[in-house]
Number of protein chains: 2
Amino acid sequence: MFWSIVGTCAASLTMLSFIPQIYKIVKTRSARDVSFMTLLQLTLGVSLWIAYGVHLKDAIIIGANVITLVSLLITLGLYYKYR
Amino acid sequence: MFWSIVGTCAASLTMLSFIPQIYKIVKTRSARDVSFMTLLQLTLGVSLWIAYGVHLKDAIIIGANVITLVSLLITLGLYYKYR
């Protein structure tokens with residue numbers, strides 16, 4: 001039970017980590033210092049995690065990474081608008 | 001074999017994703033647009049992943065997240081210097 005909570009907190013924190021970055025870019029209308037390569041590497045990596053999750057038929061890996069992917073795609077879109 | 005390569009690529013891309021951000025902050029001497037909360041959430045999340053990996057006795061989860069944690073701590077240090 002304790003370790004399920006630790007795992008859930010770990011997944012939630014990392015999965016939702018780009019929400020504050022999205023908020024900051026929208027608020028300041030600037031993404032100049034954000035690394036495009038970091039966003040690109042994460043987008044590719046998370047996409048491969050989704051493929052790997054589909055292979056393992058693991059709903060947790062798929063679900064967590066789909067949410068991360070959506071937030072990364074929004075961040076990439078904002079990067080292009082405000083860089 | 002194919003899926004091991006997909007998993008390894010996924011892990012490598014996400015694990016090393018903050019290296020370009022470190023490089024960009026050092027080069028531009030600015031981290032103003034980087035979200036502190038994003039870095040903090042990832043640092044906490046990755047730390048919990050390490051604890052979860054220790055619980056599962058899974059060297060891959062521990063190793064990958066230790067590398068990510070080190071790069072995030074460097075990024076946080078640079079954020080404080082150049083924000």
# chains A, B, ... in the order shown; residues from 1 in each chain; ligands from 1
call {"tool": "interface_residues", "arguments": {"of": "chain B", "to": "chain A", "cutoff": "9 Å", "atoms": "only C-alpha atoms", "output": "PyMOL selection string"}}
result
chain B and resi 3-4+6-7+9-25+28+30-49+51-52+55
call {"tool": "write_last_selection", "arguments": {"atoms": "C-alpha atoms", "output": "mmCIF file, in the first residue's frame"}}
result
data_model
loop_
_atom_site.group_PDB
_atom_site.id
_atom_site.type_symbol
_atom_site.label_atom_id
_atom_site.label_comp_id
_atom_site.auth_asym_id
_atom_site.auth_seq_id
_atom_site.Cartn_x
_atom_site.Cartn_y
_atom_site.Cartn_z
ATOM 1 C CA TRP B 3 11.586 -4.154 -28.165
ATOM 2 C CA SER B 4 14.693 -4.088 -25.956
ATOM 3 C CA VAL B 6 12.897 0.525 -28.273
ATOM 4 C CA GLY B 7 12.947 0.456 -24.445
ATOM 5 C CA CYS B 9 16.136 4.293 -26.724
ATOM 6 C CA ALA B 10 13.086 5.495 -24.748
ATOM 7 C CA ALA B 11 15.031 5.388 -21.470
ATOM 8 C CA SER B 12 18.164 7.033 -22.931
ATOM 9 C CA LEU B 13 16.252 9.888 -24.595
ATOM 10 C CA THR B 14 14.252 10.783 -21.479
ATOM 11 C CA MET B 15 17.166 10.158 -19.057
ATOM 12 C CA LEU B 16 19.505 12.522 -20.932
ATOM 13 C CA SER B 17 16.838 15.085 -21.859
ATOM 14 C CA PHE B 18 18.123 17.856 -19.583
ATOM 15 C CA ILE B 19 21.665 17.864 -21.019
ATOM 16 C CA PRO B 20 20.635 20.268 -23.873
ATOM 17 C CA GLN B 21 18.850 22.511 -21.321
ATOM 18 C CA ILE B 22 22.049 22.646 -19.197
ATOM 19 C CA TYR B 23 24.070 23.482 -22.329
ATOM 20 C CA LYS B 24 21.607 26.240 -23.362
ATOM 21 C CA ILE B 25 21.591 27.895 -19.899
ATOM 22 C CA THR B 28 23.136 32.003 -22.959
ATOM 23 C CA SER B 30 19.970 32.916 -18.841
ATOM 24 C CA ALA B 31 17.327 30.613 -17.355
ATOM 25 C CA ARG B 32 14.580 33.207 -16.868
ATOM 26 C CA ASP B 33 11.954 31.382 -18.982
ATOM 27 C CA VAL B 34 12.651 27.946 -17.459
ATOM 28 C CA SER B 35 9.944 26.895 -14.977
ATOM 29 C CA PHE B 36 11.309 26.316 -11.446
ATOM 30 C CA MET B 37 8.177 24.323 -10.558
ATOM 31 C CA THR B 38 8.745 21.998 -13.539
ATOM 32 C CA LEU B 39 12.313 21.345 -12.330
ATOM 33 C CA LEU B 40 11.145 20.884 -8.725
ATOM 34 C CA GLN B 41 8.296 18.494 -9.667
ATOM 35 C CA LEU B 42 10.670 16.421 -11.827
ATOM 36 C CA THR B 43 13.328 16.344 -9.054
ATOM 37 C CA LEU B 44 10.790 15.165 -6.464
ATOM 38 C CA GLY B 45 9.179 12.713 -8.897
ATOM 39 C CA VAL B 46 12.497 11.224 -10.019
ATOM 40 C CA SER B 47 13.613 10.903 -6.348
ATOM 41 C CA LEU B 48 10.436 8.934 -5.609
ATOM 42 C CA TRP B 49 11.105 6.772 -8.701
ATOM 43 C CA ALA B 51 12.924 5.012 -3.878
ATOM 44 C CA TYR B 52 10.387 2.874 -5.792
ATOM 45 C CA HIS B 55 11.878 -1.117 -3.193
#
call {"tool": "atom_distance", "arguments": {"atom1": "atom CA of Ile74 of chain B", "atom2": "atom CA of Lys27 of chain B"}}
result
14.4 Å
call {"tool": "atom_distance", "arguments": {"atom1": "atom CA of Tyr80 of chain B", "atom2": "atom CA of Ile67 of chain B"}}
result
20.4 Å
call {"tool": "atom_distance", "arguments": {"atom1": "atom CA of Leu78 of chain A", "atom2": "atom CA of Val66 of chain A"}}
result
18.5 Å
call {"tool": "select_by_dssp", "arguments": {"residues": "chain A", "states": "helix (DSSP H, G or I)", "output": "MDAnalysis selection string"}}
result
chainID A and resid 2:15 19:28 36:56 59:82
call {"tool": "write_last_selection", "arguments": {"atoms": "C-alpha atoms", "output": "PDB file, in the first residue's frame"}}
result
ATOM      1  CA  PHE A   2       2.756   2.455   1.040  1.00  0.00           C
ATOM      2  CA  TRP A   3       4.798   1.621  -2.069  1.00  0.00           C
ATOM      3  CA  SER A   4       1.765   1.951  -4.342  1.00  0.00           C
ATOM      4  CA  ILE A   5       1.371   5.512  -3.029  1.00  0.00           C
ATOM      5  CA  VAL A   6       5.093   6.224  -3.590  1.00  0.00           C
ATOM      6  CA  GLY A   7       4.812   4.901  -7.167  1.00  0.00           C
ATOM      7  CA  THR A   8       1.614   6.872  -7.838  1.00  0.00           C
ATOM      8  CA  CYS A   9       3.179  10.100  -6.491  1.00  0.00           C
ATOM      9  CA  ALA A  10       6.341   9.510  -8.565  1.00  0.00           C
ATOM     10  CA  ALA A  11       4.275   8.964 -11.733  1.00  0.00           C
ATOM     11  CA  SER A  12       1.940  11.930 -11.083  1.00  0.00           C
ATOM     12  CA  LEU A  13       4.767  14.386 -10.360  1.00  0.00           C
ATOM     13  CA  THR A  14       6.784  13.488 -13.481  1.00  0.00           C
ATOM     14  CA  MET A  15       3.691  13.080 -15.714  1.00  0.00           C
ATOM     15  CA  ILE A  19       2.071  22.017 -16.708  1.00  0.00           C
ATOM     16  CA  PRO A  20       3.984  24.757 -14.754  1.00  0.00           C
ATOM     17  CA  GLN A  21       6.248  25.320 -17.789  1.00  0.00           C
ATOM     18  CA  ILE A  22       3.166  25.779 -20.010  1.00  0.00           C
ATOM     19  CA  TYR A  23       1.709  28.223 -17.464  1.00  0.00           C
ATOM     20  CA  LYS A  24       4.984  30.189 -17.260  1.00  0.00           C
ATOM     21  CA  ILE A  25       5.343  30.502 -21.058  1.00  0.00           C
ATOM     22  CA  VAL A  26       1.714  31.662 -21.431  1.00  0.00           C
ATOM     23  CA  LYS A  27       2.064  34.161 -18.560  1.00  0.00           C
ATOM     24  CA  THR A  28       5.413  35.668 -19.628  1.00  0.00           C
ATOM     25  CA  PHE A  36      14.044  22.953 -27.917  1.00  0.00           C
ATOM     26  CA  MET A  37      16.313  19.881 -27.907  1.00  0.00           C
ATOM     27  CA  THR A  38      15.181  18.992 -24.361  1.00  0.00           C
ATOM     28  CA  LEU A  39      11.526  19.171 -25.489  1.00  0.00           C
ATOM     29  CA  LEU A  40      12.282  17.184 -28.666  1.00  0.00           C
ATOM     30  CA  GLN A  41      14.239  14.463 -26.826  1.00  0.00           C
ATOM     31  CA  LEU A  42      11.444  14.116 -24.246  1.00  0.00           C
ATOM     32  CA  THR A  43       8.756  13.991 -26.981  1.00  0.00           C
ATOM     33  CA  LEU A  44      10.616  11.251 -28.881  1.00  0.00           C
ATOM     34  CA  GLY A  45      11.469   9.376 -25.668  1.00  0.00           C
ATOM     35  CA  VAL A  46       7.918   9.506 -24.320  1.00  0.00           C
ATOM     36  CA  SER A  47       6.547   8.379 -27.738  1.00  0.00           C
ATOM     37  CA  LEU A  48       8.865   5.343 -27.602  1.00  0.00           C
ATOM     38  CA  TRP A  49       7.704   4.679 -23.998  1.00  0.00           C
ATOM     39  CA  ILE A  50       4.114   4.600 -25.323  1.00  0.00           C
ATOM     40  CA  ALA A  51       5.147   2.103 -28.045  1.00  0.00           C
ATOM     41  CA  TYR A  52       6.943   0.028 -25.394  1.00  0.00           C
ATOM     42  CA  GLY A  53       3.843   0.186 -23.150  1.00  0.00           C
ATOM     43  CA  VAL A  54       1.643  -0.993 -26.052  1.00  0.00           C
ATOM     44  CA  HIS A  55       4.084  -3.894 -26.583  1.00  0.00           C
ATOM     45  CA  LEU A  56       3.899  -4.787 -22.858  1.00  0.00           C
ATOM     46  CA  ALA A  59      -2.118   0.554 -19.343  1.00  0.00           C
ATOM     47  CA  ILE A  60      -0.153   2.501 -16.698  1.00  0.00           C
ATOM     48  CA  ILE A  61       2.906   3.046 -18.939  1.00  0.00           C
ATOM     49  CA  ILE A  62       0.645   3.992 -21.873  1.00  0.00           C
ATOM     50  CA  GLY A  63      -1.645   6.308 -19.879  1.00  0.00           C
ATOM     51  CA  ALA A  64       1.069   8.189 -17.977  1.00  0.00           C
ATOM     52  CA  ASN A  65       3.126   8.751 -21.116  1.00  0.00           C
ATOM     53  CA  VAL A  66       0.146   9.841 -23.244  1.00  0.00           C
ATOM     54  CA  ILE A  67      -0.589  12.595 -20.687  1.00  0.00           C
ATOM     55  CA  THR A  68       3.105  13.628 -20.697  1.00  0.00           C
ATOM     56  CA  LEU A  69       3.144  13.575 -24.517  1.00  0.00           C
ATOM     57  CA  VAL A  70       0.093  15.872 -24.760  1.00  0.00           C
ATOM     58  CA  SER A  71       1.681  18.385 -22.331  1.00  0.00           C
ATOM     59  CA  LEU A  72       4.991  18.239 -24.246  1.00  0.00           C
ATOM     60  CA  LEU A  73       3.240  18.865 -27.588  1.00  0.00           C
ATOM     61  CA  ILE A  74       1.481  21.903 -26.073  1.00  0.00           C
ATOM     62  CA  THR A  75       4.867  23.144 -24.727  1.00  0.00           C
ATOM     63  CA  LEU A  76       6.459  22.649 -28.173  1.00  0.00           C
ATOM     64  CA  GLY A  77       3.619  24.613 -29.823  1.00  0.00           C
ATOM     65  CA  LEU A  78       4.045  27.451 -27.307  1.00  0.00           C
ATOM     66  CA  TYR A  79       7.835  27.343 -27.815  1.00  0.00           C
ATOM     67  CA  TYR A  80       7.311  27.979 -31.538  1.00  0.00           C
ATOM     68  CA  LYS A  81       4.911  30.826 -30.819  1.00  0.00           C
ATOM     69  CA  TYR A  82       6.957  32.606 -28.124  1.00  0.00           C
TER      70      TYR A  82
END
